[in-house]
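Chemist: Contents of input00.pdb (PDB, C-alpha atoms, pLDDT in the B column) are below:
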```pdb
ATOM      1  CA  MET A   1       0.000   0.000   0.000  1.00 78.00           C
ATOM      2  CA  GLY A   2       1.274   3.482  -0.854  1.00 93.00           C
ATOM      3  CA  LYS A   3       1.777   6.343   1.570  1.00 97.00           C
ATOM      4  CA  ILE A   4       2.517   9.987   0.793  1.00 98.00           C
ATOM      5  CA  ILE A   5       2.798  12.901   3.210  1.00 98.00           C
ATOM      6  CA  PHE A   6       1.984  16.394   1.945  1.00 96.00           C
ATOM      7  CA  TYR A   7       3.325  19.568   3.584  1.00 96.00           C
ATOM      8  CA  GLU A   8       2.006  23.112   3.302  1.00 94.00           C
ATOM      9  CA  ASP A   9       5.442  24.662   2.865  1.00 93.00           C
ATOM     10  CA  ARG A  10       8.663  23.843   1.072  1.00 93.00           C
ATOM     11  CA  ASN A  11      11.245  21.625   2.776  1.00 96.00           C
ATOM     12  CA  PHE A  12       8.630  19.592   4.661  1.00 97.00           C
ATOM     13  CA  GLN A  13       7.560  22.528   6.838  1.00 96.00           C
ATOM     14  CA  GLY A  14       4.138  23.586   8.062  1.00 96.00           C
ATOM     15  CA  ARG A  15       1.075  21.465   8.588  1.00 97.00           C
ATOM     16  CA  SER A  16       1.054  18.005   7.007  1.00 97.00           C
ATOM     17  CA  TYR A  17      -1.466  15.511   5.700  1.00 97.00           C
ATOM     18  CA  GLU A  18      -0.797  11.772   5.370  1.00 97.00           C
ATOM     19  CA  CYS A  19      -2.527  10.059   2.440  1.00 97.00           C
ATOM     20  CA  MET A  20      -2.789   6.393   1.417  1.00 97.00           C
ATOM     21  CA  ASN A  21      -5.632   6.651  -1.120  1.00 96.00           C
ATOM     22  CA  ASP A  22      -6.694   8.758  -4.064  1.00 97.00           C
ATOM     23  CA  CYS A  23      -7.418  12.315  -2.950  1.00 97.00           C
ATOM     24  CA  PRO A  24      -9.438  14.504  -5.351  1.00 97.00           C
ATOM     25  CA  GLU A  25      -8.916  17.707  -3.337  1.00 96.00           C
ATOM     26  CA  LEU A  26      -6.089  18.387  -0.898  1.00 94.00           C
ATOM     27  CA  PHE A  27      -7.539  21.800   0.079  1.00 92.00           C
ATOM     28  CA  SER A  28      -9.889  19.944   2.404  1.00 92.00           C
ATOM     29  CA  TYR A  29      -6.807  19.150   4.525  1.00 95.00           C
ATOM     30  CA  LEU A  30      -4.201  21.836   3.755  1.00 94.00           C
ATOM     31  CA  SER A  31      -4.390  25.446   2.570  1.00 91.00           C
ATOM     32  CA  ARG A  32      -1.653  24.698   0.018  1.00 90.00           C
ATOM     33  CA  CYS A  33       0.876  21.957  -0.671  1.00 91.00           C
ATOM     34  CA  GLN A  34       4.454  22.797  -1.597  1.00 91.00           C
ATOM     35  CA  SER A  35       6.426  19.654  -0.687  1.00 93.00           C
ATOM     36  CA  CYS A  36       5.828  15.952  -0.130  1.00 95.00           C
ATOM     37  CA  ARG A  37       7.476  12.722   0.916  1.00 97.00           C
ATOM     38  CA  VAL A  38       6.569   9.343  -0.599  1.00 97.00           C
ATOM     39  CA  ASP A  39       7.190   6.631   1.999  1.00 97.00           C
ATOM     40  CA  ASN A  40       5.800   3.713  -0.032  1.00 95.00           C
ATOM     41  CA  GLY A  41       4.372   3.131  -3.476  1.00 96.00           C
ATOM     42  CA  TRP A  42       3.821   5.311  -6.527  1.00 97.00           C
ATOM     43  CA  PHE A  43       1.634   8.377  -6.944  1.00 97.00           C
ATOM     44  CA  VAL A  44       0.592  10.819  -9.639  1.00 96.00           C
ATOM     45  CA  ILE A  45       0.133  14.359  -8.365  1.00 95.00           C
ATOM     46  CA  TYR A  46      -1.921  17.053 -10.108  1.00 93.00           C
ATOM     47  CA  ASP A  47      -1.817  20.830  -9.965  1.00 89.00           C
ATOM     48  CA  ARG A  48      -5.620  21.125 -10.071  1.00 90.00           C
ATOM     49  CA  PRO A  49      -8.386  19.438  -8.050  1.00 94.00           C
ATOM     50  CA  ASN A  50     -10.185  16.315  -9.271  1.00 95.00           C
ATOM     51  CA  TYR A  51      -7.133  14.859 -11.040  1.00 93.00           C
ATOM     52  CA  MET A  52      -6.971  17.649 -13.595  1.00 89.00           C
ATOM     53  CA  GLY A  53      -4.186  19.835 -14.911  1.00 87.00           C
ATOM     54  CA  ASN A  54      -0.506  19.083 -15.150  1.00 88.00           C
ATOM     55  CA  GLN A  55       0.671  15.769 -13.738  1.00 91.00           C
ATOM     56  CA  TYR A  56       3.849  14.396 -12.249  1.00 92.00           C
ATOM     57  CA  PHE A  57       4.753  10.798 -11.388  1.00 95.00           C
ATOM     58  CA  LEU A  58       6.368  10.226  -7.968  1.00 95.00           C
ATOM     59  CA  ARG A  59       8.011   7.159  -6.495  1.00 95.00           C
ATOM     60  CA  ARG A  60       9.555   6.667  -3.077  1.00 95.00           C
ATOM     61  CA  GLY A  61      11.588   9.725  -2.119  1.00 95.00           C
ATOM     62  CA  GLU A  62      11.560  13.285  -0.848  1.00 96.00           C
ATOM     63  CA  TYR A  63      10.308  16.205  -2.910  1.00 94.00           C
ATOM     64  CA  ALA A  64      11.262  19.331  -0.954  1.00 93.00           C
ATOM     65  CA  ASP A  65      10.052  21.970  -3.404  1.00 89.00           C
ATOM     66  CA  TYR A  66       7.071  21.479  -5.690  1.00 80.00           C
ATOM     67  CA  SER A  67       8.135  24.400  -7.897  1.00 75.00           C
ATOM     68  CA  ASN A  68      11.048  22.230  -9.127  1.00 73.00           C
ATOM     69  CA  PHE A  69       8.521  20.127 -11.071  1.00 69.00           C
ATOM     70  CA  GLY A  70       7.940  23.055 -13.427  1.00 63.00           C
ATOM     71  CA  LEU A  71       4.202  23.030 -12.804  1.00 59.00           C
ATOM     72  CA  SER A  72       1.922  25.533 -11.047  1.00 64.00           C
ATOM     73  CA  ASP A  73       2.336  26.666  -7.455  1.00 70.00           C
ATOM     74  CA  SER A  74       0.644  23.879  -5.466  1.00 83.00           C
ATOM     75  CA  ILE A  75      -0.260  20.198  -5.504  1.00 90.00           C
ATOM     76  CA  GLN A  76      -4.063  19.960  -5.414  1.00 93.00           C
ATOM     77  CA  SER A  77      -4.914  16.259  -5.903  1.00 96.00           C
ATOM     78  CA  CYS A  78      -3.239  12.853  -6.140  1.00 96.00           C
ATOM     79  CA  ARG A  79      -3.822   9.280  -7.262  1.00 97.00           C
ATOM     80  CA  VAL A  80      -2.273   6.066  -6.065  1.00 97.00           C
ATOM     81  CA  VAL A  81      -0.723   4.052  -8.896  1.00 97.00           C
ATOM     82  CA  PRO A  82      -1.343   0.365  -8.132  1.00 95.00           C
ATOM     83  CA  GLN A  83       1.605  -2.001  -8.109  1.00 91.00           C
ATOM     84  CA  TYR A  84       1.226  -4.172 -11.196  1.00 93.00           C
ATOM     85  CA  ARG A  85       3.159  -7.220 -12.382  1.00 91.00           C
ATOM     86  CA  GLY A  86       1.132  -8.497 -15.335  1.00 95.00           C
ATOM     87  CA  ALA A  87       1.241  -7.953 -19.093  1.00 97.00           C
ATOM     88  CA  TYR A  88       0.995  -4.494 -20.663  1.00 98.00           C
ATOM     89  CA  ARG A  89      -1.148  -3.668 -23.662  1.00 98.00           C
ATOM     90  CA  MET A  90      -2.496  -0.414 -25.082  1.00 96.00           C
ATOM     91  CA  ARG A  91      -4.120   0.496 -28.408  1.00 96.00           C
ATOM     92  CA  ILE A  92      -3.567   3.931 -29.921  1.00 93.00           C
ATOM     93  CA  TYR A  93      -5.925   5.351 -32.572  1.00 93.00           C
ATOM     94  CA  GLU A  94      -5.383   8.058 -35.140  1.00 89.00           C
ATOM     95  CA  ARG A  95      -8.769   9.730 -34.553  1.00 90.00           C
ATOM     96  CA  GLU A  96     -11.260  10.238 -31.750  1.00 92.00           C
ATOM     97  CA  ASN A  97     -13.643   7.435 -30.747  1.00 96.00           C
ATOM     98  CA  PHE A  98     -11.205   4.704 -31.815  1.00 96.00           C
ATOM     99  CA  GLN A  99     -11.325   5.521 -35.521  1.00 95.00           C
ATOM    100  CA  GLY A 100      -8.596   5.474 -38.170  1.00 93.00           C
ATOM    101  CA  GLN A 101      -5.261   3.690 -38.114  1.00 91.00           C
ATOM    102  CA  ASN A 102      -4.397   1.992 -34.851  1.00 92.00           C
ATOM    103  CA  PHE A 103      -1.332   0.485 -33.254  1.00 91.00           C
ATOM    104  CA  GLU A 104      -0.818  -1.754 -30.277  1.00 95.00           C
ATOM    105  CA  LEU A 105       1.909  -1.195 -27.693  1.00 95.00           C
ATOM    106  CA  VAL A 106       3.126  -3.907 -25.328  1.00 97.00           C
ATOM    107  CA  ASP A 107       6.388  -2.264 -24.266  1.00 96.00           C
ATOM    108  CA  ASP A 108       7.943   1.182 -23.851  1.00 97.00           C
ATOM    109  CA  CYS A 109       8.170   3.425 -26.891  1.00 95.00           C
ATOM    110  CA  ASP A 110      10.663   6.293 -26.661  1.00 95.00           C
ATOM    111  CA  ASN A 111       9.648   7.893 -29.966  1.00 94.00           C
ATOM    112  CA  PHE A 112       6.228   7.001 -31.343  1.00 88.00           C
ATOM    113  CA  MET A 113       6.563   9.118 -34.515  1.00 86.00           C
ATOM    114  CA  ASP A 114       9.813   7.438 -35.525  1.00 89.00           C
ATOM    115  CA  ARG A 115       8.557   3.958 -34.693  1.00 87.00           C
ATOM    116  CA  PHE A 116       5.116   4.099 -36.348  1.00 82.00           C
ATOM    117  CA  ARG A 117       5.334   7.048 -38.782  1.00 77.00           C
ATOM    118  CA  LEU A 118       2.114   8.554 -37.447  1.00 71.00           C
ATOM    119  CA  SER A 119       2.251  12.167 -36.282  1.00 68.00           C
ATOM    120  CA  ASP A 120      -1.065  12.440 -34.470  1.00 74.00           C
ATOM    121  CA  TRP A 121      -3.418  10.191 -32.505  1.00 82.00           C
ATOM    122  CA  GLN A 122      -6.521  11.106 -30.621  1.00 87.00           C
ATOM    123  CA  SER A 123      -7.842   8.131 -28.634  1.00 92.00           C
ATOM    124  CA  TYR A 124      -6.519   5.244 -26.535  1.00 92.00           C
ATOM    125  CA  GLN A 125      -7.622   1.959 -25.032  1.00 97.00           C
ATOM    126  CA  VAL A 126      -5.526   0.734 -22.130  1.00 98.00           C
ATOM    127  CA  VAL A 127      -6.208  -2.982 -22.006  1.00 98.00           C
ATOM    128  CA  GLU A 128      -3.584  -4.039 -19.446  1.00 97.00           C
ATOM    129  CA  GLY A 129      -1.201  -2.232 -17.131  1.00 97.00           C
ATOM    130  CA  TYR A 130      -0.543   1.368 -16.173  1.00 97.00           C
ATOM    131  CA  TRP A 131       1.224   3.772 -18.516  1.00 97.00           C
ATOM    132  CA  LEU A 132       2.742   7.237 -18.705  1.00 97.00           C
ATOM    133  CA  MET A 133       2.700   9.120 -21.972  1.00 94.00           C
ATOM    134  CA  TYR A 134       4.961  12.091 -22.556  1.00 94.00           C
ATOM    135  CA  GLU A 135       4.637  15.079 -24.843  1.00 91.00           C
ATOM    136  CA  GLN A 136       8.190  14.738 -26.175  1.00 92.00           C
ATOM    137  CA  ALA A 137      10.308  11.831 -27.305  1.00 93.00           C
ATOM    138  CA  HIS A 138      12.539  10.038 -24.792  1.00 96.00           C
ATOM    139  CA  TYR A 139      10.069  10.518 -21.912  1.00 95.00           C
ATOM    140  CA  ARG A 140      10.373  14.288 -21.605  1.00 93.00           C
ATOM    141  CA  GLY A 141       7.950  17.168 -21.256  1.00 89.00           C
ATOM    142  CA  ARG A 142       4.431  17.099 -19.909  1.00 87.00           C
ATOM    143  CA  MET A 143       3.078  13.691 -19.022  1.00 91.00           C
ATOM    144  CA  PHE A 144      -0.288  12.015 -18.724  1.00 92.00           C
ATOM    145  CA  TYR A 145      -1.146   8.982 -16.567  1.00 95.00           C
ATOM    146  CA  LEU A 146      -3.177   6.220 -18.241  1.00 95.00           C
ATOM    147  CA  TYR A 147      -4.854   3.401 -16.331  1.00 95.00           C
ATOM    148  CA  PRO A 148      -7.026   0.587 -17.762  1.00 97.00           C
ATOM    149  CA  GLY A 149      -9.993   2.008 -19.613  1.00 96.00           C
ATOM    150  CA  GLU A 150     -11.040   3.933 -22.695  1.00 96.00           C
ATOM    151  CA  TYR A 151      -9.917   7.443 -23.579  1.00 94.00           C
ATOM    152  CA  ARG A 152     -12.174   8.458 -26.473  1.00 94.00           C
ATOM    153  CA  SER A 153     -10.823  11.981 -26.963  1.00 90.00           C
ATOM    154  CA  MET A 154      -7.777  13.906 -25.783  1.00 80.00           C
ATOM    155  CA  ARG A 155      -9.837  17.082 -26.190  1.00 78.00           C
ATOM    156  CA  SER A 156     -12.317  15.899 -23.552  1.00 76.00           C
ATOM    157  CA  LEU A 157      -9.373  15.346 -21.178  1.00 73.00           C
ATOM    158  CA  GLY A 158      -8.195  18.937 -21.602  1.00 71.00           C
ATOM    159  CA  TYR A 159      -5.329  18.117 -23.970  1.00 70.00           C
ATOM    160  CA  SER A 160      -6.650  19.545 -27.209  1.00 68.00           C
ATOM    161  CA  GLY A 161      -3.819  20.210 -29.631  1.00 71.00           C
ATOM    162  CA  VAL A 162      -1.250  18.367 -27.509  1.00 75.00           C
ATOM    163  CA  ARG A 163       0.644  15.539 -29.167  1.00 80.00           C
ATOM    164  CA  PHE A 164       2.217  12.867 -27.030  1.00 86.00           C
ATOM    165  CA  ASN A 165       5.276  11.195 -28.487  1.00 90.00           C
ATOM    166  CA  SER A 166       6.582   8.627 -25.995  1.00 94.00           C
ATOM    167  CA  PHE A 167       4.974   5.947 -23.823  1.00 95.00           C
ATOM    168  CA  LYS A 168       6.365   4.166 -20.773  1.00 97.00           C
ATOM    169  CA  ARG A 169       4.994   1.282 -18.759  1.00 97.00           C
ATOM    170  CA  ILE A 170       4.889   1.930 -15.011  1.00 97.00           C
ATOM    171  CA  THR A 171       7.069  -0.839 -13.605  1.00 93.00           C
ATOM    172  CA  ASP A 172       9.587  -1.226 -10.774  1.00 85.00           C
ATOM    173  CA  SER A 173      12.262   0.136 -13.128  1.00 75.00           C
ATOM    174  CA  CYS A 174      10.216   3.215 -14.038  1.00 71.00           C
TER     175      CYS A 174
END
```
Give the structure from the file, written as structure tokens.
Modeler:
Amino acid sequence: MGKIIFYEDRNFQGRSYECMNDCPELFSYLSRCQSCRVDNGWFVIYDRPNYMGNQYFLRRGEYADYSNFGLSDSIQSCRVVPQYRGAYRMRIYERENFQGQNFELVDDCDNFMDRFRLSDWQSYQVVEGYWLMYEQAHYRGRMFYLYPGEYRSMRSLGYSGVRFNSFKRITDSC
């Protein structure tokens, strides 16, 4: 089971809140959140409530200053990423609602455009496993957390016009 401790101020100062589950709104517990410590497990933090906005993947460690993530000024929600040891499989579609060309991923892909010669895709089906997709090749830039389910439109997720170019399975080596 995962455990993360959020702190109001940088360098683990101020009031704190201990969390072991998904938390859609940290403002219920803290006025702001500027640092955190992951004791166990993996988490995705968000700079807006209800798992919206920019995201950042955290594993065990200390994160003394949230501004170092290059996101907005406070962590506002978080999700636990389940530990997973099974197979990984995701389908990527050229257009919304699973239309157009599609490709299946079963392993990491550090440059989707080079590998599949497709410059844009708009919907996803995560069949197995938990994934991170990154805006730039080689796992750089903004990221988005994908868990099993259907993602019919990037526009409906608030990522209109954003192209993701690399995909990584969330594993122990992540």
Chemist: Would you mind listing what lies within 10 Å of Val106 in chain A as a VMD selection string, with all atoms listed in the file counted and same-chain residues fewer than 5 positions away left out?
Modeler: chain A and resid 87 to 91 127 to 129 168 to 169
Chemist: Quick one: which residues end up in the PyMOL selection byres ((chain A and resi 96) around 9) for this structure, as a PyMOL selection string?
Modeler: chain A and resi 93-95+97-100+121-124+151-155
Chemist: Val44 in chain A: which residues within 6 Å, counting only C-alpha atoms, same-chain residues fewer than 4 positions away excluded, as a VMD selection string?
Modeler: chain A and resid 56 to 57 78 to 79
Chemist: For the structure provided, state which residues fall under the PyMOL selection byres ((chain A and resi 73-77) around 12), and present them as an MDAnalysis selection string.
Modeler: chainID A and resid 4:10 19 21:36 43:56 63 65:72 78:80
Chemist: So, counting all atoms listed in the file, which residue among A:Phe167, A:Phe116, A:Phe12, A:Tyr159 is closest to Arg140 in chain A?
Modeler: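 Answer, going by the shortest atom-to-atom distance: A:Phe167.
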Chemist: At what distance in Å, to one decimal, does CA of Val126 in chain A lie from CA of Gln83 in chain A?
Modeler: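 Rounded to one decimal, the two atoms are 16.0 Å apart.
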Chemist: Mind working out the centre and edge lengths of an axis-aligned box for range 111-128 of chain A, all listed atoms inside, 5 Å added to each side, rounded to one decimal in Å and written as lines of an AutoDock Vina configuration file?
Modeler:
```
center_x = 1.0
center_y = 4.2
center_z = -29.1
size_x = 27.7
size_y = 26.5
size_z = 29.3
```
Chemist: Can you tell me how far CA of Arg117 in chain A sits from CA of Ser173 in chain A, in Å to one decimal?
Modeler: 27.5 Å
Chemist: How many Å lie between CA of Arg115 in chain A and CA of Tyr84 in chain A, rounded to one decimal?
Modeler: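 These two atoms are separated by 25.9 Å.
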Chemist: For Arg59 in chain A, which residue out of A:Asp120, A:Glu150, A:Glu18, A:Asp172 is the nearest one, using all atoms listed in the file?
Modeler: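 Closest to Arg59 in chain A of all the choices is A:Asp172.
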Chemist: Excluding Asp110 in chain A and its own-chain neighbours fewer than 2 positions away, which residues fall within 6 Å of it when counting only C-alpha atoms? Please give them as a PyMOL selection string.
Modeler: chain A and resi 137-138+166
Chemist: List, as a list in words, every residue that the PyMOL selection byres ((chain A and resi 146) around 7) selects in the file provided.
Modeler: Tyr130, Trp131, Leu132, Phe144, Tyr145, Tyr147 and Pro148 of chain A
Chemist: So, with all atoms listed in the file as the atoms that count, which of A:Phe164, A:Gly158, A:Asp114, A:Asn102 lies closest to Met133 in chain A?
Modeler: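 Checking each candidate against Met133 in chain A, we get A:Phe164 as the closest.
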